[in-house]
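Colleague: Take a look at the following structure, please.
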Amino acid sequence: MFLFSGSYMQHMESKNDTYVSEFLLLGFSEDPELQPLIFGLFLSMYLVTVLGNLLIILATISDAHLHIPMYFFLSNLSSVDICFTSTTIPKMLVNIQTQSKAITYAGCITQIYFFTLFVVLDNFLLAVMAYDRCVAICHPLHYTVSMNPHVCGLLVLASWIVSVLNSLLQSLMVLWLSFCTDLEIPHFFCELNQVVHLACSDTFLNDLVICLASVLLAGCPFAGILYSYSKIVSSIRAISSAQGRYKAFSICASHLSVVSLFYCTGLGVYLSPAVTQNSRSTATATVMYSMLTPMLNPFIYSLRNKDLISALRRLLGSTTRKGPVCPPQKSCP
């Protein structure tokens with residue numbers, strides 16, 4: 001017993017010796033002339049993402065007509081998208097501005113935890129939104145019963161629980177890895193695959209868990225989305241009105257375009273055998289689902305939605321325009 005405890009303590013001490021204080025994020029390019037362009041591009045995308053999704057959240061909260069399941073899930077998706085981009089982009093902008101590539105070990109693990117949390121949560125919310133639309137179109141008479149506030153809350157809560165448990169598992173498994181002197185990450189943030197492949201210790205279990213989590217936590221929601229929309233398409237074909245069919249199909253096409261962009265790039269990053277420790281090829285694909293998709297979501301979900309556009313106009317009008325002061329017994333123009 002004492003021998004086992006002693007060997008375990010020696011193992012922990014030797015493991016602690018391999019702990020590093022910081023990693024180096026190489027980003028997209030080391031060319032100094034490109035840094036201002038990259039900084040301006042990502043700052044603009046980040047501000048548009050935050051502002052667009054924040055407007056969606058405020059509109060759904062302030063307008064009583066939008067207090068229905070569809071907009072409840074949309075506001076949750078917008079909140080997650082803001083957190084999703086805020087996990088990585090601010091640190092990258094700070095590094096460019098200070099001309100530093102360093103990120104602390106604790107900061108790197110924190111990025112891994114929250115990035116994994118919000119990317120999985122995005123998966124589940126997209127699936128839940130597809131299910132909500134499926135019930136609304138295929139079973140309209142049972143919609144209020146099937147998608148009551150209690151059910152909606154449980155769906156979001158279950159998505160959070162699974163996402164938190166997965167990100168906690170992935171982060172803890174990274175903590176057990178030992179790292180050598182090569183601490184350069186060819187990415188603009190601490191991407192899980194890249195960090196794992198920097199380790200000196202055996203990463204077979206980490207790779208296995210990452211692969212299984214990608215298949216289960218991304219593949220299953222995606223399969224649910226495809227099934228939901230297959231049912232929606234079948235119901236749309238049964239609609240007699242051409243205008244009704246076009247309206248329903250246009251909404252589905254917009255959602256599916258976002259889903260395709262998100263899943264194709266995401267699965268390509270995490271399941272690609274080309275992911276190596278000296279490759280930056282995955283950084284561009286990561287931008288597609290971690291920055292471009294959250295930025296486009298507010299536009300895609302609002303441009304074809306008259307209720308949401310009206311709510312946004314009322315919200316912006318109430319905050320930017322003051323009515324004229326009218327004298328007694330006279331009406332305002």
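Labeling convention for the structure tokens: chains A, B, ... as they appear, residues from 1 per chain, ligands from 1 in order of appearance.
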Give me, as number ranges by chain, all polymer residues having an atom no more than 8 Å from Phe73 in chain A, counting only C-alpha atoms and skipping those fewer than 5 positions away in the same chain.
Modeller: A: 125, 128-129, 156
Colleague: Would you mind exporting N, CA and C atoms of the selected residues as a compact mmCIF listing (two decimals), in the first residue's frame?
Modeller:
```txt
# COMPACT_ATOMS: atom_id res chain seq x y z
N LEU A 125 -29.08 23.05 -29.84
CA LEU A 125 -30.11 24.07 -30.05
C LEU A 125 -30.60 24.08 -31.49
N VAL A 128 -32.96 21.22 -31.67
CA VAL A 128 -34.20 21.52 -30.96
C VAL A 128 -35.07 22.47 -31.80
N MET A 129 -34.44 23.44 -32.45
CA MET A 129 -35.19 24.36 -33.30
C MET A 129 -35.80 23.65 -34.49
N VAL A 156 -33.94 22.76 -23.38
CA VAL A 156 -32.76 23.63 -23.24
C VAL A 156 -31.90 23.16 -22.07
```
Colleague: Quick one: DSSP strand (DSSP E) residues in range 49-280 of chain A, as a list in words?
Modeller: Ala102, Ile103, Thr104, Glu184 and Ile185 of chain A
Colleague: Neighbours of Ala130 in chain A within 8 Å (only C-alpha atoms; same-chain residues fewer than 2 positions away dropped), as a ChimeraX atom specification?
Modeller: /A:126-128,132-134,225,228-229
Colleague: Please, could you write that set of residues out with N, CA, C and O atoms as a compact mmCIF listing (two decimals), in the first residue's frame?
Modeller:
```txt
# COMPACT_ATOMS: atom_id res chain seq x y z
N LEU A 126 -29.69 23.87 -32.45
CA LEU A 126 -30.11 23.77 -33.84
C LEU A 126 -31.05 22.58 -34.05
O LEU A 126 -32.03 22.67 -34.79
N ALA A 127 -30.75 21.47 -33.38
CA ALA A 127 -31.61 20.30 -33.48
C ALA A 127 -32.97 20.56 -32.82
O ALA A 127 -34.01 20.16 -33.35
N VAL A 128 -32.96 21.22 -31.67
CA VAL A 128 -34.20 21.52 -30.96
C VAL A 128 -35.07 22.47 -31.80
O VAL A 128 -36.29 22.31 -31.87
N ASP A 132 -38.78 21.83 -33.19
CA ASP A 132 -39.88 22.78 -32.95
C ASP A 132 -40.61 23.11 -34.24
O ASP A 132 -41.85 23.14 -34.29
N ARG A 133 -39.86 23.36 -35.32
CA ARG A 133 -40.48 23.65 -36.61
C ARG A 133 -41.22 22.43 -37.16
O ARG A 133 -42.26 22.57 -37.80
N CYS A 134 -40.68 21.25 -36.89
CA CYS A 134 -41.32 20.02 -37.36
C CYS A 134 -42.69 19.85 -36.70
O CYS A 134 -43.68 19.54 -37.37
N ILE A 225 -31.92 16.63 -37.15
CA ILE A 225 -32.30 17.76 -38.01
C ILE A 225 -32.76 17.26 -39.38
O ILE A 225 -33.78 17.71 -39.90
N SER A 228 -36.17 15.66 -39.05
CA SER A 228 -37.22 16.67 -38.84
C SER A 228 -37.57 17.35 -40.14
O SER A 228 -38.75 17.54 -40.48
N TYR A 229 -36.55 17.70 -40.93
CA TYR A 229 -36.81 18.41 -42.17
C TYR A 229 -37.34 17.49 -43.26
O TYR A 229 -38.02 17.96 -44.19
```
Colleague: Check the smallest atom-to-atom distance from each of A:Asn297, A:Thr49, A:Thr284, A:Ser44 to Gly27 in chain A using only C-alpha atoms, then report the winner.
Modeller: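 Residue with the minimum atom-to-atom distance to Gly27 in chain A: A:Thr284.
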Colleague: Which residues are near range 50-53 of chain A? Cut-off 10 Å, only C-alpha atoms, ignore same chain within fewer than 5 positions. Put them as a list in words.
Modeller: Met45, Leu58, Ala59, Leu74, Ser75, Asn76, Leu77, Ser78, Ser79, Val80, Asp81, Ile82, Cys83, Thr85, Ser86, Pro294, Met295, Leu296, Asn297, Pro298 and Phe299 of chain A
Colleague: Mind giving me the straight-line distance from CA of Ile239 in chain A to CA of Ala136 in chain A in Å, one decimal?
Modeller: 13.9 Å
Colleague: Compile the contact shell of Phe42 in chain A as a list in words: residues with an atom at most 9 Å away, counting only C-alpha atoms, same-chain residues fewer than 4 positions apart removed.
Modeller: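 Contacts, in chain order: Leu37, Ile38, Tyr46, Leu47, Ile89, Met92, Leu93 and Met291 of chain A.
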Colleague: Fewer than 3 positions away in the same chain doesn't count, so skip those; otherwise give me all residues within 9 Å of range 201-207 of chain A, counting only C-alpha atoms, as number ranges by chain.
Modeller: A: 170, 173-174, 177-179, 193, 196-197, 210-212
Colleague: Please determine, counting only C-alpha atoms, which residue among A:Tyr143, A:Pro186, A:Tyr131, A:Arg313 has the shortest atom-to-atom distance to Tyr227 in chain A.
Modeller: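 The answer is A:Tyr131, which sits nearest to Tyr227 in chain A.
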Colleague: Show which residues sit within 12 Å of Gln35 in chain A, as a VMD selection string. Count only C-alpha atoms, and ignore same-chain residues fewer than 2 positions away.
Modeller: chain A and resid 26 to 33 37 to 43 92 to 100
